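Chemist: Sharing upload-v4.cif (mmCIF, N, CA and C atoms) below.
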data_query
#
loop_
_atom_site.label_atom_id
_atom_site.label_comp_id
_atom_site.auth_asym_id
_atom_site.auth_seq_id
_atom_site.Cartn_x
_atom_site.Cartn_y
_atom_site.Cartn_z
N MET A 21 -6.23 12.48 8.27
CA MET A 21 -4.81 12.26 8.10
C MET A 21 -4.11 12.61 9.40
N SER A 22 -3.12 11.83 9.72
CA SER A 22 -2.37 12.11 10.94
C SER A 22 -1.54 13.35 10.76
N ARG A 23 -1.44 14.12 11.82
CA ARG A 23 -0.68 15.37 11.78
C ARG A 23 0.37 15.36 12.88
N GLY A 24 1.29 16.30 12.79
CA GLY A 24 2.25 16.49 13.86
C GLY A 24 3.19 15.32 14.07
N GLY A 25 3.55 14.61 13.00
CA GLY A 25 4.51 13.53 13.11
C GLY A 25 3.95 12.25 13.71
N ALA A 26 2.64 12.08 13.73
CA ALA A 26 2.04 10.88 14.30
C ALA A 26 2.33 9.65 13.44
N ILE A 27 2.63 9.83 12.18
CA ILE A 27 2.97 8.70 11.32
C ILE A 27 4.45 8.39 11.47
N ASP A 28 4.75 7.14 11.75
CA ASP A 28 6.13 6.68 11.88
C ASP A 28 6.61 6.21 10.50
N TYR A 29 7.02 7.15 9.65
CA TYR A 29 7.44 6.80 8.30
C TYR A 29 8.63 5.85 8.26
N PRO A 30 9.71 6.10 9.03
CA PRO A 30 10.84 5.15 8.98
C PRO A 30 10.43 3.75 9.46
N GLY A 31 9.66 3.69 10.53
CA GLY A 31 9.20 2.40 11.04
C GLY A 31 8.29 1.69 10.06
N ALA A 32 7.43 2.46 9.40
CA ALA A 32 6.52 1.88 8.41
C ALA A 32 7.30 1.30 7.24
N LEU A 33 8.28 2.03 6.76
CA LEU A 33 9.09 1.56 5.64
C LEU A 33 9.86 0.30 6.02
N GLU A 34 10.43 0.27 7.22
CA GLU A 34 11.14 -0.93 7.68
C GLU A 34 10.19 -2.12 7.76
N ALA A 35 8.99 -1.91 8.29
CA ALA A 35 8.02 -3.00 8.40
C ALA A 35 7.62 -3.52 7.04
N VAL A 36 7.38 -2.61 6.10
CA VAL A 36 7.01 -3.02 4.74
C VAL A 36 8.13 -3.86 4.13
N GLU A 37 9.36 -3.41 4.26
CA GLU A 37 10.48 -4.15 3.69
C GLU A 37 10.62 -5.53 4.32
N ARG A 38 10.41 -5.65 5.63
CA ARG A 38 10.48 -6.96 6.30
C ARG A 38 9.41 -7.89 5.76
N ILE A 39 8.20 -7.39 5.62
CA ILE A 39 7.09 -8.21 5.11
C ILE A 39 7.39 -8.68 3.70
N LEU A 40 7.85 -7.78 2.85
CA LEU A 40 8.14 -8.14 1.47
C LEU A 40 9.29 -9.14 1.39
N ASN A 41 10.28 -9.00 2.23
CA ASN A 41 11.41 -9.93 2.24
C ASN A 41 10.99 -11.33 2.68
N ARG A 42 9.99 -11.43 3.56
CA ARG A 42 9.46 -12.74 3.98
C ARG A 42 8.74 -13.43 2.84
N GLY A 43 8.05 -12.63 2.02
CA GLY A 43 7.33 -13.18 0.88
C GLY A 43 6.07 -13.91 1.28
N GLY A 44 5.54 -14.69 0.34
CA GLY A 44 4.32 -15.44 0.57
C GLY A 44 3.29 -15.15 -0.50
N ASN A 45 2.08 -15.59 -0.24
CA ASN A 45 0.96 -15.35 -1.15
C ASN A 45 0.80 -13.84 -1.37
N ALA A 46 0.66 -13.44 -2.61
CA ALA A 46 0.65 -12.01 -2.96
C ALA A 46 -0.43 -11.23 -2.21
N GLU A 47 -1.65 -11.74 -2.19
CA GLU A 47 -2.73 -11.01 -1.50
C GLU A 47 -2.47 -10.93 0.00
N ASP A 48 -1.98 -12.01 0.58
CA ASP A 48 -1.68 -12.01 2.02
C ASP A 48 -0.57 -11.00 2.33
N VAL A 49 0.46 -10.97 1.50
CA VAL A 49 1.56 -10.03 1.71
C VAL A 49 1.05 -8.60 1.64
N LEU A 50 0.22 -8.30 0.65
CA LEU A 50 -0.31 -6.94 0.51
C LEU A 50 -1.19 -6.57 1.70
N ARG A 51 -1.98 -7.50 2.18
CA ARG A 51 -2.81 -7.22 3.36
C ARG A 51 -1.93 -6.96 4.59
N GLU A 52 -0.84 -7.72 4.73
CA GLU A 52 0.08 -7.48 5.84
C GLU A 52 0.72 -6.11 5.73
N VAL A 53 1.07 -5.71 4.52
CA VAL A 53 1.66 -4.38 4.31
C VAL A 53 0.67 -3.30 4.74
N LEU A 54 -0.59 -3.43 4.33
CA LEU A 54 -1.59 -2.44 4.69
C LEU A 54 -1.79 -2.38 6.21
N ALA A 55 -1.80 -3.54 6.85
CA ALA A 55 -1.95 -3.58 8.31
C ALA A 55 -0.75 -2.92 9.00
N ALA A 56 0.44 -3.16 8.47
CA ALA A 56 1.65 -2.56 9.06
C ALA A 56 1.61 -1.04 8.92
N LEU A 57 1.16 -0.56 7.78
CA LEU A 57 1.06 0.89 7.58
C LEU A 57 0.07 1.49 8.58
N ARG A 58 -1.04 0.82 8.74
CA ARG A 58 -2.06 1.31 9.68
C ARG A 58 -1.52 1.32 11.12
N SER A 59 -0.77 0.29 11.48
CA SER A 59 -0.25 0.22 12.85
C SER A 59 0.81 1.27 13.13
N ARG A 60 1.30 1.91 12.08
CA ARG A 60 2.31 2.95 12.24
C ARG A 60 1.74 4.35 12.03
N GLY A 61 0.41 4.47 12.11
CA GLY A 61 -0.21 5.78 12.13
C GLY A 61 -0.92 6.23 10.88
N ILE A 62 -0.95 5.39 9.85
CA ILE A 62 -1.64 5.75 8.61
C ILE A 62 -3.09 5.28 8.74
N SER A 63 -4.02 6.23 8.78
CA SER A 63 -5.42 5.90 9.09
C SER A 63 -6.17 5.26 7.93
N PHE A 64 -5.67 5.39 6.71
CA PHE A 64 -6.32 4.76 5.55
C PHE A 64 -5.25 4.26 4.62
N ALA A 65 -5.39 3.01 4.19
CA ALA A 65 -4.45 2.41 3.25
C ALA A 65 -5.21 1.45 2.35
N SER A 66 -5.02 1.60 1.05
CA SER A 66 -5.73 0.75 0.10
C SER A 66 -4.87 0.52 -1.14
N VAL A 67 -4.90 -0.72 -1.63
CA VAL A 67 -4.24 -1.06 -2.89
C VAL A 67 -5.34 -1.41 -3.88
N GLN A 68 -5.30 -0.78 -5.02
CA GLN A 68 -6.25 -1.07 -6.09
C GLN A 68 -5.49 -1.74 -7.23
N VAL A 69 -5.93 -2.93 -7.60
CA VAL A 69 -5.36 -3.62 -8.76
C VAL A 69 -6.19 -3.20 -9.96
N ALA A 70 -5.54 -2.81 -11.04
CA ALA A 70 -6.22 -2.26 -12.22
C ALA A 70 -7.46 -3.08 -12.58
N GLY A 71 -8.61 -2.41 -12.59
CA GLY A 71 -9.85 -3.03 -13.02
C GLY A 71 -10.46 -4.01 -12.04
N ARG A 72 -9.98 -4.04 -10.81
CA ARG A 72 -10.46 -5.01 -9.84
C ARG A 72 -10.75 -4.34 -8.50
N LYS A 73 -11.46 -5.06 -7.64
CA LYS A 73 -11.73 -4.57 -6.29
C LYS A 73 -10.41 -4.43 -5.55
N GLY A 74 -10.29 -3.39 -4.76
CA GLY A 74 -9.05 -3.13 -4.04
C GLY A 74 -8.91 -3.93 -2.77
N LEU A 75 -7.68 -4.00 -2.30
CA LEU A 75 -7.37 -4.60 -1.00
C LEU A 75 -7.35 -3.47 0.01
N GLY A 76 -7.78 -3.75 1.20
CA GLY A 76 -7.78 -2.73 2.22
C GLY A 76 -9.12 -2.06 2.39
N ASP A 77 -10.11 -2.51 1.64
CA ASP A 77 -11.44 -1.91 1.72
C ASP A 77 -12.03 -2.02 3.12
N ALA A 78 -11.66 -3.04 3.86
CA ALA A 78 -12.23 -3.24 5.18
C ALA A 78 -11.57 -2.38 6.25
N LEU A 79 -10.47 -1.71 5.90
CA LEU A 79 -9.81 -0.87 6.89
C LEU A 79 -10.66 0.37 7.16
N PRO A 80 -10.77 0.77 8.41
CA PRO A 80 -11.55 1.96 8.72
C PRO A 80 -10.95 3.20 8.06
N ASP A 81 -11.81 4.10 7.70
CA ASP A 81 -11.40 5.33 7.05
C ASP A 81 -10.64 6.26 7.97
N GLY A 82 -10.92 6.21 9.25
CA GLY A 82 -10.27 7.16 10.15
C GLY A 82 -10.76 8.56 9.82
N GLU A 83 -9.88 9.52 9.98
CA GLU A 83 -10.23 10.90 9.68
C GLU A 83 -10.41 11.07 8.17
N GLN A 84 -11.32 11.93 7.80
CA GLN A 84 -11.56 12.19 6.38
C GLN A 84 -10.55 13.23 5.88
N GLY A 85 -9.32 12.87 5.85
CA GLY A 85 -8.27 13.78 5.43
C GLY A 85 -7.84 13.51 4.00
N GLU A 86 -6.84 14.22 3.63
CA GLU A 86 -6.29 14.09 2.29
C GLU A 86 -5.59 12.75 2.14
N ARG A 87 -5.72 12.18 0.96
CA ARG A 87 -5.04 10.93 0.64
C ARG A 87 -4.15 11.17 -0.56
N ILE A 88 -3.01 10.55 -0.53
CA ILE A 88 -2.11 10.59 -1.67
C ILE A 88 -2.27 9.26 -2.41
N VAL A 89 -2.48 9.35 -3.70
CA VAL A 89 -2.61 8.16 -4.54
C VAL A 89 -1.41 8.12 -5.47
N ALA A 90 -0.71 7.00 -5.47
CA ALA A 90 0.45 6.82 -6.33
C ALA A 90 0.21 5.62 -7.23
N PRO A 91 0.61 5.72 -8.49
CA PRO A 91 0.46 4.56 -9.37
C PRO A 91 1.41 3.44 -8.96
N VAL A 92 0.96 2.22 -9.17
CA VAL A 92 1.83 1.05 -8.99
C VAL A 92 2.19 0.60 -10.40
N VAL A 93 3.49 0.65 -10.69
CA VAL A 93 3.99 0.36 -12.04
C VAL A 93 4.89 -0.86 -11.97
N HIS A 94 4.69 -1.77 -12.92
CA HIS A 94 5.53 -2.97 -13.01
C HIS A 94 5.89 -3.18 -14.47
N GLU A 95 7.19 -3.29 -14.73
CA GLU A 95 7.70 -3.49 -16.09
C GLU A 95 7.12 -2.47 -17.07
N GLY A 96 7.06 -1.23 -16.62
CA GLY A 96 6.65 -0.13 -17.48
C GLY A 96 5.16 0.09 -17.65
N SER A 97 4.34 -0.74 -17.02
CA SER A 97 2.88 -0.61 -17.15
C SER A 97 2.27 -0.30 -15.80
N GLU A 98 1.30 0.60 -15.79
CA GLU A 98 0.56 0.89 -14.56
C GLU A 98 -0.43 -0.23 -14.33
N ILE A 99 -0.27 -0.92 -13.19
CA ILE A 99 -1.09 -2.09 -12.91
C ILE A 99 -2.02 -1.89 -11.72
N GLY A 100 -1.95 -0.72 -11.11
CA GLY A 100 -2.79 -0.45 -9.96
C GLY A 100 -2.42 0.87 -9.31
N SER A 101 -2.90 1.04 -8.08
CA SER A 101 -2.58 2.26 -7.35
C SER A 101 -2.57 1.97 -5.85
N LEU A 102 -1.86 2.83 -5.15
CA LEU A 102 -1.78 2.78 -3.70
C LEU A 102 -2.30 4.11 -3.17
N ALA A 103 -3.27 4.06 -2.28
CA ALA A 103 -3.81 5.27 -1.65
C ALA A 103 -3.54 5.21 -0.16
N LEU A 104 -2.89 6.25 0.36
CA LEU A 104 -2.59 6.33 1.78
C LEU A 104 -2.99 7.69 2.33
N ALA A 105 -3.51 7.71 3.54
CA ALA A 105 -3.75 8.96 4.25
C ALA A 105 -2.41 9.36 4.86
N ALA A 106 -1.64 10.06 4.08
CA ALA A 106 -0.28 10.45 4.48
C ALA A 106 0.00 11.82 3.90
N ASP A 107 1.06 12.45 4.39
CA ASP A 107 1.40 13.77 3.88
C ASP A 107 2.80 13.79 3.25
N ASP A 108 3.31 12.61 2.90
CA ASP A 108 4.64 12.49 2.32
C ASP A 108 4.54 11.71 1.00
N ARG A 109 4.47 12.46 -0.10
CA ARG A 109 4.31 11.84 -1.42
C ARG A 109 5.45 10.89 -1.73
N ALA A 110 6.67 11.25 -1.39
CA ALA A 110 7.83 10.39 -1.68
C ALA A 110 7.68 9.03 -0.97
N PHE A 111 7.18 9.05 0.26
CA PHE A 111 6.96 7.81 0.99
C PHE A 111 5.93 6.95 0.28
N VAL A 112 4.80 7.54 -0.12
CA VAL A 112 3.73 6.79 -0.79
C VAL A 112 4.26 6.20 -2.09
N GLU A 113 5.00 6.99 -2.85
CA GLU A 113 5.56 6.50 -4.12
C GLU A 113 6.57 5.38 -3.88
N ARG A 114 7.35 5.48 -2.81
CA ARG A 114 8.33 4.43 -2.49
C ARG A 114 7.62 3.13 -2.16
N VAL A 115 6.59 3.20 -1.33
CA VAL A 115 5.84 1.99 -0.98
C VAL A 115 5.19 1.39 -2.23
N ALA A 116 4.64 2.25 -3.10
CA ALA A 116 4.03 1.76 -4.34
C ALA A 116 5.05 1.00 -5.18
N THR A 117 6.27 1.50 -5.23
CA THR A 117 7.33 0.82 -5.97
C THR A 117 7.67 -0.51 -5.31
N LEU A 118 7.79 -0.51 -4.00
CA LEU A 118 8.15 -1.73 -3.28
C LEU A 118 7.12 -2.85 -3.46
N ILE A 119 5.85 -2.51 -3.49
CA ILE A 119 4.80 -3.54 -3.56
C ILE A 119 4.47 -3.95 -4.99
N SER A 120 5.07 -3.33 -5.98
CA SER A 120 4.66 -3.55 -7.38
C SER A 120 4.74 -5.01 -7.80
N TRP A 121 5.76 -5.74 -7.38
CA TRP A 121 5.90 -7.15 -7.78
C TRP A 121 4.71 -7.96 -7.27
N TYR A 122 4.27 -7.68 -6.04
CA TYR A 122 3.15 -8.41 -5.45
C TYR A 122 1.83 -8.03 -6.11
N VAL A 123 1.66 -6.76 -6.43
CA VAL A 123 0.45 -6.33 -7.15
C VAL A 123 0.40 -7.02 -8.51
N ALA A 124 1.54 -7.14 -9.17
CA ALA A 124 1.60 -7.83 -10.47
C ALA A 124 1.20 -9.29 -10.32
N ARG A 125 1.58 -9.93 -9.22
CA ARG A 125 1.21 -11.33 -8.99
C ARG A 125 -0.30 -11.46 -8.80
N VAL A 126 -0.92 -10.53 -8.08
CA VAL A 126 -2.37 -10.55 -7.89
C VAL A 126 -3.05 -10.38 -9.23
N GLU A 127 -2.58 -9.42 -10.03
CA GLU A 127 -3.17 -9.16 -11.34
C GLU A 127 -3.05 -10.39 -12.24
N THR A 128 -1.88 -11.01 -12.27
CA THR A 128 -1.64 -12.16 -13.14
C THR A 128 -2.51 -13.34 -12.71
N ARG A 129 -2.57 -13.61 -11.42
CA ARG A 129 -3.35 -14.74 -10.93
C ARG A 129 -4.83 -14.57 -11.25
N ARG A 130 -5.33 -13.36 -11.14
CA ARG A 130 -6.77 -13.14 -11.38
C ARG A 130 -7.10 -13.17 -12.87
N ASP A 131 -6.11 -12.97 -13.71
CA ASP A 131 -6.37 -13.00 -15.16
C ASP A 131 -6.43 -14.41 -15.70
N GLN A 132 -5.97 -15.39 -14.93
CA GLN A 132 -5.92 -16.77 -15.42
C GLN A 132 -7.28 -17.41 -15.37
#
Starting from the file, lay out its structure as structure tokens.

Modeler:
Amino acid sequence: MSRGGAIDYPGALEAVERILNRGGNAEDVLREVLAALRSRGISFASVQVAGRKGLGDALPDGEQGERIVAPVVHEGSEIGSLALAADDRAFVERVATLISWYVARVETRRDQ
């Protein structure tokens, strides 16, 4: 896990919001989000869709530090989780909320 302020939380949040506002294919958008988080100092980022293989598996683990896992909830149901090597739970939970619509699209498409 990055220490000493190496993670650019404000920049990461801005990048995530820009990506989500652009939209596109759900899996592609989520992969872009994970890449943006990594480019802002988060050494591990993964999205797990309930009962399915996660996105971000190919990202290097980086340091074997603590990871915060937050549920991804859409319309009152937990549909997945977001795991980040970060030390700010509120940030991880905020990103999980922001990506929930896209995680729901991945889940729905794979169920068809």

Chemist: Which residues would end up in the selection if the PyMOL selection byres ((chain A and resi 49-66) around 5) were applied here, given that I need the answer as a ChimeraX atom specification?

Modeler: /A:26-28,45-48,67-68,75-76,81,102-105

Chemist: Need the shell around stretch 107-116 of chain A: protein/DNA/RNA residues with any atom at most 7 Å away, counting only C-alpha atoms. Skip same-chain ones fewer than 4 positions apart. Format as a PyMOL selection string?

Modeler: chain A and resi 88+90-92+102+120

Chemist: Between A:Ala35, A:Arg87, A:Val93, A:Leu118, which residue has the minimum interatomic distance to A:Ala106, considering only C-alpha atoms?

Modeler: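 Of all the options, A:Arg87 lies closest to A:Ala106.
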
Chemist: How far is it from atom CA of A:Glu34 to atom CA of A:His94, in Å with one decimal?

Modeler: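 One can read the atom CA of A:Glu34 to atom CA of A:His94 distance as 21.5 Å.
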
Chemist: Between A:Glu95, A:Ser101, A:Val89, A:Ala70, which residue has the minimum interatomic distance to A:Trp121, considering only N, CA and C atoms?

Modeler: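 Of A:Glu95, A:Ser101, A:Val89, A:Ala70, the one nearest A:Trp121 is A:Glu95, counting only N, CA and C atoms.
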